[in-house]
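coords-v5.cif, holding mmCIF, C-alpha atoms and all ligand atoms:
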data_start
#
loop_
_atom_site.label_atom_id
_atom_site.label_comp_id
_atom_site.auth_asym_id
_atom_site.auth_seq_id
_atom_site.Cartn_x
_atom_site.Cartn_y
_atom_site.Cartn_z
CA MET A 1 22.27 -24.14 26.40
CA THR A 2 22.45 -21.17 23.98
CA LYS A 3 19.33 -19.10 23.48
CA PRO A 4 17.98 -18.71 19.92
CA ASN A 5 18.81 -15.35 18.30
CA ILE A 6 16.23 -12.61 18.86
CA PRO A 7 14.64 -11.88 15.48
CA LEU A 8 15.06 -8.32 14.19
CA ALA A 9 13.19 -6.44 11.48
CA GLY A 10 12.51 -2.80 10.69
CA VAL A 11 11.66 -0.14 8.14
CA ILE A 12 14.12 1.83 6.02
CA GLY A 13 13.46 5.18 4.35
CA ASP A 14 14.54 8.81 4.04
CA PRO A 15 12.82 10.43 5.92
CA ILE A 16 11.59 7.77 8.34
CA SER A 17 10.34 9.47 11.52
CA HIS A 18 6.75 9.73 10.16
CA SER A 19 6.44 5.96 9.55
CA LEU A 20 3.62 4.17 11.39
CA SER A 21 5.18 0.74 10.76
CA PRO A 22 7.15 0.60 14.07
CA ARG A 23 3.89 1.21 15.99
CA LEU A 24 2.09 -1.45 13.92
CA HIS A 25 4.75 -4.15 14.22
CA GLY A 26 5.38 -3.26 17.88
CA TYR A 27 1.70 -3.96 18.57
CA TRP A 28 1.83 -7.29 16.73
CA LEU A 29 5.06 -8.34 18.50
CA LYS A 30 3.42 -7.71 21.88
CA HIS A 31 0.07 -9.30 21.03
CA ASN A 32 1.68 -12.39 19.51
CA ALA A 33 4.18 -12.70 22.39
CA VAL A 34 7.13 -12.64 19.97
CA ALA A 35 10.49 -11.78 21.55
CA GLY A 36 11.64 -9.72 18.57
CA HIS A 37 12.30 -6.09 17.72
CA TYR A 38 11.19 -3.81 14.87
CA VAL A 39 13.11 -0.56 14.38
CA PRO A 40 12.89 2.53 12.13
CA MET A 41 16.14 3.24 10.25
CA HIS A 42 17.00 6.45 8.44
CA ILE A 43 19.02 5.24 5.45
CA ARG A 44 20.25 7.56 2.70
CA GLU A 45 20.28 6.46 -0.92
CA ARG A 46 24.10 6.34 -1.13
CA ASP A 47 24.24 3.93 1.83
CA LEU A 48 21.38 1.67 0.74
CA GLU A 49 23.26 -1.27 -0.78
CA GLY A 50 25.97 -1.37 1.89
CA VAL A 51 23.40 -1.33 4.70
CA LEU A 52 21.27 -4.07 3.12
CA ARG A 53 24.33 -6.34 2.69
CA GLN A 54 25.20 -5.96 6.38
CA MET A 55 21.72 -6.43 7.81
CA PRO A 56 21.47 -10.24 7.62
CA LYS A 57 24.84 -10.47 9.43
CA MET A 58 23.38 -8.32 12.22
CA GLY A 59 20.43 -10.62 12.80
CA PHE A 60 17.83 -8.90 10.65
CA ARG A 61 15.28 -11.23 9.07
CA GLY A 62 13.97 -8.49 6.78
CA VAL A 63 12.76 -4.93 6.41
CA ASN A 64 9.91 -2.86 5.09
CA VAL A 65 10.98 -0.28 2.56
CA THR A 66 9.51 3.18 2.09
CA LEU A 67 10.29 6.23 -0.03
CA PRO A 68 12.64 6.82 -1.80
CA HIS A 69 14.06 3.28 -1.88
CA LYS A 70 11.14 1.18 -3.19
CA VAL A 71 12.43 1.01 -6.80
CA ASN A 72 16.13 0.64 -5.96
CA VAL A 73 15.71 -2.27 -3.54
CA LEU A 74 14.04 -4.29 -6.29
CA LYS A 75 17.14 -3.81 -8.45
CA LEU A 76 19.37 -4.97 -5.59
CA ALA A 77 17.27 -8.05 -4.70
CA ASP A 78 18.43 -11.55 -5.65
CA GLN A 79 14.87 -12.74 -6.20
CA ALA A 80 11.45 -11.12 -6.31
CA THR A 81 7.77 -12.02 -6.51
CA ASP A 82 5.96 -11.61 -9.84
CA ARG A 83 3.83 -8.82 -8.34
CA ALA A 84 6.89 -6.82 -7.24
CA ILE A 85 8.40 -7.21 -10.72
CA LEU A 86 5.13 -6.13 -12.38
CA ILE A 87 4.75 -3.12 -10.07
CA GLY A 88 8.44 -2.26 -10.50
CA ALA A 89 9.00 -1.60 -6.78
CA ALA A 90 9.25 -3.48 -3.49
CA ASN A 91 8.12 -2.64 0.04
CA THR A 92 9.04 -5.86 1.86
CA LEU A 93 12.48 -7.53 1.89
CA THR A 94 13.28 -10.87 3.48
CA PHE A 95 16.86 -12.03 4.09
CA ARG A 96 17.38 -15.73 3.57
CA ASP A 97 19.76 -17.88 5.61
CA ASP A 98 22.43 -17.61 2.87
CA GLY A 99 22.19 -13.79 3.08
CA SER A 100 20.34 -13.45 -0.24
CA MET A 101 17.57 -10.89 -0.54
CA PHE A 102 13.96 -11.69 -1.52
CA ALA A 103 11.74 -8.76 -2.54
CA ASP A 104 7.96 -8.49 -2.48
CA ASN A 105 5.42 -5.72 -2.92
CA THR A 106 2.44 -6.10 -0.59
CA ASP A 107 0.72 -2.73 -1.26
CA GLY A 108 -1.77 -4.20 -3.75
CA TYR A 109 -2.35 -7.19 -1.48
CA GLY A 110 -3.03 -4.81 1.42
CA PHE A 111 -5.44 -2.80 -0.69
CA ILE A 112 -7.47 -5.86 -1.77
CA GLU A 113 -7.50 -7.45 1.71
CA ASN A 114 -8.74 -4.16 3.15
CA LEU A 115 -11.54 -3.94 0.57
CA ARG A 116 -12.55 -7.54 1.23
CA GLN A 117 -12.57 -7.01 5.00
CA SER A 118 -14.32 -3.62 4.97
CA ALA A 119 -16.81 -4.34 2.16
CA PRO A 120 -17.20 -8.15 2.21
CA ASP A 121 -19.66 -8.24 -0.71
CA TRP A 122 -17.35 -6.19 -2.96
CA ASP A 123 -17.22 -7.90 -6.35
CA PRO A 124 -14.30 -6.83 -8.55
CA LYS A 125 -16.07 -8.25 -11.59
CA ALA A 126 -19.25 -6.17 -11.04
CA GLY A 127 -18.03 -3.37 -13.31
CA PRO A 128 -15.13 -1.13 -14.28
CA ALA A 129 -12.78 0.38 -11.71
CA ALA A 130 -12.00 4.10 -11.75
CA ILE A 131 -8.59 5.18 -10.46
CA LEU A 132 -7.64 8.77 -9.73
CA GLY A 133 -3.87 9.25 -9.86
CA ALA A 134 -1.02 7.50 -11.62
CA GLY A 135 1.87 7.54 -9.14
CA GLY A 136 3.64 4.69 -7.36
CA ALA A 137 0.59 3.61 -5.35
CA ALA A 138 -1.59 3.53 -8.49
CA ARG A 139 0.81 1.00 -10.07
CA ALA A 140 0.26 -1.42 -7.18
CA ILE A 141 -3.52 -0.88 -7.29
CA ILE A 142 -3.66 -1.49 -11.06
CA VAL A 143 -1.76 -4.77 -10.78
CA ALA A 144 -3.93 -5.93 -7.85
CA LEU A 145 -7.25 -4.99 -9.48
CA ALA A 146 -6.33 -6.63 -12.78
CA ASP A 147 -5.34 -9.75 -10.84
CA ALA A 148 -8.66 -9.65 -8.93
CA GLY A 149 -10.54 -9.70 -12.25
CA VAL A 150 -11.89 -6.17 -12.82
CA PRO A 151 -13.11 -6.04 -16.44
CA GLU A 152 -11.77 -2.53 -17.19
CA ILE A 153 -9.79 0.21 -15.47
CA HIS A 154 -10.51 3.90 -16.11
CA LEU A 155 -7.49 5.96 -15.16
CA SER A 156 -7.19 9.72 -14.76
CA ASN A 157 -4.20 11.75 -13.69
CA ARG A 158 -3.42 15.46 -13.57
CA THR A 159 -0.32 14.77 -15.68
CA ARG A 160 -1.93 12.75 -18.46
CA PRO A 161 1.30 11.30 -19.99
CA LYS A 162 1.88 9.37 -16.75
CA ALA A 163 -1.50 7.67 -17.12
CA GLU A 164 -0.74 6.98 -20.82
CA ALA A 165 2.56 5.39 -19.77
CA LEU A 166 0.70 3.04 -17.41
CA ARG A 167 -1.70 2.07 -20.20
CA ALA A 168 1.26 1.36 -22.50
CA GLU A 169 2.81 -0.79 -19.77
CA PHE A 170 -0.23 -2.61 -18.37
CA GLY A 171 -2.33 -2.98 -21.52
CA PRO A 172 -5.69 -2.37 -23.13
CA LYS A 173 -7.76 -3.01 -19.98
CA ILE A 174 -6.81 0.58 -19.08
CA LYS A 175 -8.68 3.53 -20.58
CA VAL A 176 -7.18 6.95 -19.93
CA VAL A 177 -9.55 9.83 -19.13
CA ASP A 178 -8.57 13.49 -19.08
CA TRP A 179 -8.18 14.95 -15.56
CA VAL A 180 -10.77 17.68 -16.18
CA GLN A 181 -13.27 14.96 -17.14
CA ALA A 182 -12.42 12.55 -14.31
CA GLY A 183 -15.98 12.82 -12.95
CA ASN A 184 -17.34 11.21 -16.15
CA MET A 185 -15.46 7.97 -15.59
CA LEU A 186 -17.33 7.37 -12.32
CA ASP A 187 -20.74 6.78 -14.00
CA ASP A 188 -20.44 3.05 -14.60
CA ALA A 189 -17.63 2.33 -12.13
CA ARG A 190 -18.25 -0.14 -9.30
CA THR A 191 -14.85 0.32 -7.66
CA VAL A 192 -13.50 3.86 -7.25
CA ILE A 193 -10.13 4.72 -5.72
CA ASN A 194 -8.32 7.93 -4.95
CA THR A 195 -4.59 7.17 -5.21
CA THR A 196 -3.55 10.83 -5.35
CA SER A 197 -2.29 12.64 -2.27
CA LEU A 198 -5.14 15.16 -2.57
CA GLY A 199 -7.34 15.35 0.51
CA MET A 200 -4.45 14.61 2.87
CA THR A 201 -4.16 16.99 5.83
CA GLY A 202 -2.26 20.04 4.62
CA GLN A 203 -2.96 19.35 0.93
CA GLN A 204 -5.72 20.64 -1.37
CA GLU A 205 -9.00 18.73 -1.49
CA LEU A 206 -9.75 16.30 -4.29
CA ARG A 207 -12.41 18.11 -6.29
CA VAL A 208 -13.85 15.57 -8.70
CA PRO A 209 -17.61 15.87 -9.19
CA LEU A 210 -19.30 12.77 -7.82
CA ASP A 211 -22.76 13.43 -9.36
CA GLY A 212 -22.59 10.32 -11.56
CA LEU A 213 -21.39 7.96 -8.83
CA HIS A 214 -23.46 4.75 -8.70
CA LYS A 215 -24.81 3.88 -5.25
CA ASP A 216 -23.46 0.30 -5.62
CA ALA A 217 -19.89 1.55 -6.09
CA VAL A 218 -17.36 0.80 -3.37
CA VAL A 219 -15.28 3.96 -2.91
CA SER A 220 -11.85 3.89 -1.37
CA ASP A 221 -9.22 6.49 -0.51
CA LEU A 222 -5.55 5.67 0.06
CA VAL A 223 -5.17 8.79 2.15
CA TYR A 224 -5.63 8.01 5.88
CA THR A 225 -4.95 11.41 7.48
CA PRO A 226 -7.76 12.35 7.90
CA LEU A 227 -9.40 8.95 8.14
CA GLU A 228 -12.54 10.21 6.45
CA THR A 229 -11.50 12.48 3.59
CA SER A 230 -14.09 14.82 2.10
CA PHE A 231 -14.01 12.54 -0.98
CA LEU A 232 -15.15 9.59 1.18
CA ALA A 233 -17.68 11.73 3.08
CA GLN A 234 -19.28 12.82 -0.21
CA ALA A 235 -19.39 9.25 -1.51
CA LYS A 236 -20.97 8.09 1.75
CA ALA A 237 -23.60 10.84 1.47
CA LYS A 238 -24.50 9.40 -1.94
CA GLY A 239 -25.14 6.01 -0.34
CA CYS A 240 -21.89 4.30 -1.39
CA ARG A 241 -19.87 1.98 0.82
CA THR A 242 -16.58 3.64 1.66
CA VAL A 243 -13.21 2.21 2.66
CA ASP A 244 -10.49 4.34 4.28
CA GLY A 245 -6.75 4.04 3.69
CA LEU A 246 -5.69 2.94 7.19
CA GLY A 247 -6.74 -0.68 6.60
CA MET A 248 -4.48 -0.93 3.53
CA LEU A 249 -1.52 0.23 5.60
CA LEU A 250 -2.27 -2.40 8.25
CA HIS A 251 -2.90 -5.28 5.85
CA GLN A 252 0.23 -4.62 3.74
CA GLY A 253 2.31 -5.33 6.85
CA VAL A 254 0.93 -8.82 7.42
CA PRO A 255 3.08 -10.86 4.96
CA GLY A 256 6.35 -9.33 6.21
CA PHE A 257 5.55 -9.90 9.89
CA GLU A 258 4.61 -13.51 9.18
CA ARG A 259 7.82 -14.18 7.21
CA TRP A 260 10.15 -12.55 9.77
CA PHE A 261 8.50 -13.51 13.05
CA GLY A 262 6.68 -16.75 12.15
CA LYS A 263 3.16 -15.75 13.21
CA ARG A 264 0.34 -14.44 11.06
CA PRO A 265 -0.88 -11.23 12.72
CA LYS A 266 -4.50 -10.06 12.81
CA VAL A 267 -5.96 -6.83 11.51
CA ASP A 268 -8.97 -6.06 13.66
CA GLU A 269 -10.86 -3.18 15.25
CA GLU A 270 -8.64 -3.23 18.34
CA LEU A 271 -5.55 -2.68 16.16
CA ARG A 272 -7.26 0.16 14.25
CA LYS A 273 -8.13 1.86 17.55
CA PHE A 274 -4.54 1.45 18.78
CA MET A 275 -3.13 2.98 15.59
CA LEU A 276 -5.46 5.98 15.87
CA ARG A 277 -4.65 6.74 19.50
P1 LIG B 1 3.28 9.62 -5.89
O1 LIG B 1 3.94 8.54 -6.65
O2 LIG B 1 4.05 10.85 -5.54
O3 LIG B 1 1.96 10.06 -6.73
C1 LIG B 1 1.19 11.16 -6.32
C2 LIG B 1 -0.09 11.21 -7.14
O4 LIG B 1 -0.90 12.31 -6.65
C3 LIG B 1 0.13 11.47 -8.63
O5 LIG B 1 -0.88 10.86 -9.38
C4 LIG B 1 0.00 13.00 -8.68
O6 LIG B 1 -0.37 13.51 -9.96
C5 LIG B 1 -1.15 13.22 -7.73
N1 LIG B 1 -1.18 14.59 -7.23
C6 LIG B 1 -0.36 15.15 -6.31
N2 LIG B 1 -0.69 16.47 -6.14
C7 LIG B 1 -1.74 16.71 -6.99
C8 LIG B 1 -2.52 17.87 -7.27
N3 LIG B 1 -2.29 19.04 -6.65
N4 LIG B 1 -3.52 17.76 -8.18
C9 LIG B 1 -3.77 16.59 -8.81
N5 LIG B 1 -3.06 15.45 -8.58
C10 LIG B 1 -2.04 15.52 -7.69
O7 LIG B 1 2.71 9.10 -4.50
P2 LIG B 1 2.17 7.61 -4.17
O8 LIG B 1 3.27 6.84 -3.56
O9 LIG B 1 1.48 7.08 -5.37
O10 LIG B 1 1.12 7.92 -2.98
C11 LIG B 1 -0.10 8.57 -3.27
C12 LIG B 1 -0.94 8.69 -2.00
O11 LIG B 1 -1.29 7.39 -1.52
C13 LIG B 1 -0.22 9.38 -0.83
O12 LIG B 1 -1.16 10.16 -0.15
C14 LIG B 1 0.23 8.21 0.05
O13 LIG B 1 0.35 8.59 1.42
C15 LIG B 1 -0.93 7.26 -0.15
N6 LIG B 1 -0.58 5.85 0.08
C16 LIG B 1 -1.28 5.19 1.05
C17 LIG B 1 -1.01 3.85 1.30
C18 LIG B 1 -1.79 3.14 2.34
O14 LIG B 1 -1.34 2.08 2.81
N7 LIG B 1 -2.96 3.61 2.70
C19 LIG B 1 0.00 3.19 0.56
C20 LIG B 1 0.70 3.91 -0.42
C21 LIG B 1 0.40 5.25 -0.65
P3 LIG B 1 0.81 14.00 -10.99
O15 LIG B 1 1.34 12.75 -11.62
O16 LIG B 1 0.09 14.89 -11.93
O17 LIG B 1 1.84 14.71 -10.16
#
As structure tokens:
Amino acid sequence: MTKPNIPLAGVIGDPISHSLSPRLHGYWLKHNAVAGHYVPMHIRERDLEGVLRQMPKMGFRGVNVTLPHKVNVLKLADQATDRAILIGAANTLTFRDDGSMFADNTDGYGFIENLRQSAPDWDPKAGPAAILGAGGAARAIIVALADAGVPEIHLSNRTRPKAEALRAEFGPKIKVVDWVQAGNMLDDARTVINTTSLGMTGQQELRVPLDGLHKDAVVSDLVYTPLETSFLAQAKAKGCRTVDGLGMLLHQGVPGFERWFGKRPKVDEELRKFMLR
């Protein structure tokens, strides 16, 4: 009797050594008793297409994709989800039996699932959302929040034309606010998100005045090193519920693991503790 093939998956990027995904998927493989493997792979841009075409032949069921390949893999995919197409980038690839490539973007999904788990009474329709930053992560957050039903999105970015470009692309729900006035957009916001890299260990702090922040606002930071950024600490001191960025990272991995390894993994306190060890 021949044994079934051992399922393989992994994460591709350049660089890749910093990725937490191998630790995350390794934990899920063990806790779900799946006899599979998940490996980090350092893939340069010039090798991307060739590597992806070979992977299904090597037994890979799919891969997570990180910088700088998120936009290019979407162009190479045979099929993609609506959300990946809207965001314009993919972070999860699944290889089908015929070798074709299916692309998804689960960043926005991970963000929303994390909010729902960490702040269960969060209501996207309660008021406008305020987003700081207009990079790749902000695109995924905008698509997810619009889909969740937020009435309006106030968007502020140091480089204003990037925020204007997102408004042109995603429509009139978005109102652009000048970076020096970013604090003003927090007054009536009920969902507030830092999508910039400010506040990350080794970077400058995010210095947006939080005086106007409403105590009912749910405040989230995509940065997860440190887990509690000074932005979150200040929001907490004002009585707001706060949601750190680690949960988003964990939740975005769920759809890929389920597709490749056939079991839906859990995101719980035990996993968070393991990831922080
Ligand atoms: P990105 O595309 O490079 O965008 C970076 C953003 O940060 C831009 O809006 C940029 O503004 C802003 N920024 C950088 N330095 C700044 C400064 N000194 N002053 C003001 N604004 C500054 O990066 P990304 O992919 O969107 O990622 C953004 C952050 O989210 C990173 O910290 C990343 O680790 C984190 N992230 C977390 C998760 C998670 O699962 N928790 C997922 C994705 C990303 P300009 O346009 O003016 O340069």
Cut-off 7 Å: closest chain A/ligand LIG 1 (chain B) atom pairs per residue, using only C-alpha atoms and all ligand atoms, as a tab-separated table:
residue	atom	partner	partner_atom	distance
A:Asp107	CA	B:LIG1	C19	6.2
A:Gly133	CA	B:LIG1	O5	3.4
A:Ala134	CA	B:LIG1	O5	4.0
A:Gly135	CA	B:LIG1	O1	3.4
A:Gly136	CA	B:LIG1	O9	3.8
A:Ala137	CA	B:LIG1	O9	3.6
A:Ala138	CA	B:LIG1	O9	5.6
A:Asn157	CA	B:LIG1	O5	5.5
A:Arg158	CA	B:LIG1	O16	3.9
A:Thr159	CA	B:LIG1	O16	3.8
A:Lys162	CA	B:LIG1	O15	6.2
A:Thr195	CA	B:LIG1	O11	5.0
A:Thr196	CA	B:LIG1	O4	3.3
A:Ser197	CA	B:LIG1	O12	3.5
A:Leu198	CA	B:LIG1	C7	5.8
A:Met200	CA	B:LIG1	O12	6.3
A:Gln204	CA	B:LIG1	N3	6.5
A:Leu222	CA	B:LIG1	N7	4.2
A:Val223	CA	B:LIG1	O12	4.8
A:Tyr224	CA	B:LIG1	N7	6.0
A:Gly245	CA	B:LIG1	N7	3.9
A:Leu246	CA	B:LIG1	N7	5.3
A:Gly247	CA	B:LIG1	N7	6.9
A:Met248	CA	B:LIG1	O14	4.4
A:Leu249	CA	B:LIG1	O14	3.4
A:Gln252	CA	B:LIG1	O14	6.9
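Of the listed residues A:Asn72, A:Ser17, A:Asn194, A:Gln54, the one whose atoms come nearest to A:Met41 is A:Ser17, with distances taken using only C-alpha atoms.
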For atom CA of A:Ala182 and atom CA of A:Thr106, determine how far apart the two atoms are, in Å to one decimal place.
-> 27.5 Å
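Each of A:Asn105, A:Leu250, A:Arg116, A:Arg259 was checked against A:Tyr27 using all atoms listed in the file; the smallest atom-to-atom distance is that of A:Leu250.
Nearest residue to A:Phe111, choosing from A:Ala90, A:Val243, A:Ala9, A:Ala217 and counting all atoms listed in the file: A:Val243.
Proximity to A:Leu67 was assessed for A:Gly88, A:Pro151, A:Pro15, A:Gly256 counting only C-alpha atoms; the smallest distance is recorded for A:Pro15.
Minimum atom-to-atom distance to A:Glu205, evaluated using all atoms listed in the file, belongs to A:Leu232 out of A:Leu155, A:Leu271, A:Leu232, A:Ile193.
The space separating atom CA of A:Leu213 from atom CA of A:Lys236 comes to 10.6 Å.
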Please provide as a PyMOL selection string all residues within 12 Å of A:Leu52, with the sequence filter that same-chain residues fewer than 5 positions apart are discarded (counting only C-alpha atoms).
-> chain A and resi 9-12+41+43-47+57-65+69+72-74+76-78+93-95+99-102
Saved selection, atoms kept: C-alpha atoms, as a PDB file, in the coordinates of the input:
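Generated file (result-v6.pdb):
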ATOM      1  CA  ALA A   9      13.190  -6.440  11.480  1.00  0.00           C
ATOM      2  CA  GLY A  10      12.510  -2.800  10.690  1.00  0.00           C
ATOM      3  CA  VAL A  11      11.660  -0.140   8.140  1.00  0.00           C
ATOM      4  CA  ILE A  12      14.120   1.830   6.020  1.00  0.00           C
ATOM      5  CA  MET A  41      16.140   3.240  10.250  1.00  0.00           C
ATOM      6  CA  ILE A  43      19.020   5.240   5.450  1.00  0.00           C
ATOM      7  CA  ARG A  44      20.250   7.560   2.700  1.00  0.00           C
ATOM      8  CA  GLU A  45      20.280   6.460  -0.920  1.00  0.00           C
ATOM      9  CA  ARG A  46      24.100   6.340  -1.130  1.00  0.00           C
ATOM     10  CA  ASP A  47      24.240   3.930   1.830  1.00  0.00           C
ATOM     11  CA  LYS A  57      24.840 -10.470   9.430  1.00  0.00           C
ATOM     12  CA  MET A  58      23.380  -8.320  12.220  1.00  0.00           C
ATOM     13  CA  GLY A  59      20.430 -10.620  12.800  1.00  0.00           C
ATOM     14  CA  PHE A  60      17.830  -8.900  10.650  1.00  0.00           C
ATOM     15  CA  ARG A  61      15.280 -11.230   9.070  1.00  0.00           C
ATOM     16  CA  GLY A  62      13.970  -8.490   6.780  1.00  0.00           C
ATOM     17  CA  VAL A  63      12.760  -4.930   6.410  1.00  0.00           C
ATOM     18  CA  ASN A  64       9.910  -2.860   5.090  1.00  0.00           C
ATOM     19  CA  VAL A  65      10.980  -0.280   2.560  1.00  0.00           C
ATOM     20  CA  HIS A  69      14.060   3.280  -1.880  1.00  0.00           C
ATOM     21  CA  ASN A  72      16.130   0.640  -5.960  1.00  0.00           C
ATOM     22  CA  VAL A  73      15.710  -2.270  -3.540  1.00  0.00           C
ATOM     23  CA  LEU A  74      14.040  -4.290  -6.290  1.00  0.00           C
ATOM     24  CA  LEU A  76      19.370  -4.970  -5.590  1.00  0.00           C
ATOM     25  CA  ALA A  77      17.270  -8.050  -4.700  1.00  0.00           C
ATOM     26  CA  ASP A  78      18.430 -11.550  -5.650  1.00  0.00           C
ATOM     27  CA  LEU A  93      12.480  -7.530   1.890  1.00  0.00           C
ATOM     28  CA  THR A  94      13.280 -10.870   3.480  1.00  0.00           C
ATOM     29  CA  PHE A  95      16.860 -12.030   4.090  1.00  0.00           C
ATOM     30  CA  GLY A  99      22.190 -13.790   3.080  1.00  0.00           C
ATOM     31  CA  SER A 100      20.340 -13.450  -0.240  1.00  0.00           C
ATOM     32  CA  MET A 101      17.570 -10.890  -0.540  1.00  0.00           C
ATOM     33  CA  PHE A 102      13.960 -11.690  -1.520  1.00  0.00           C
TER      34      PHE A 102
END
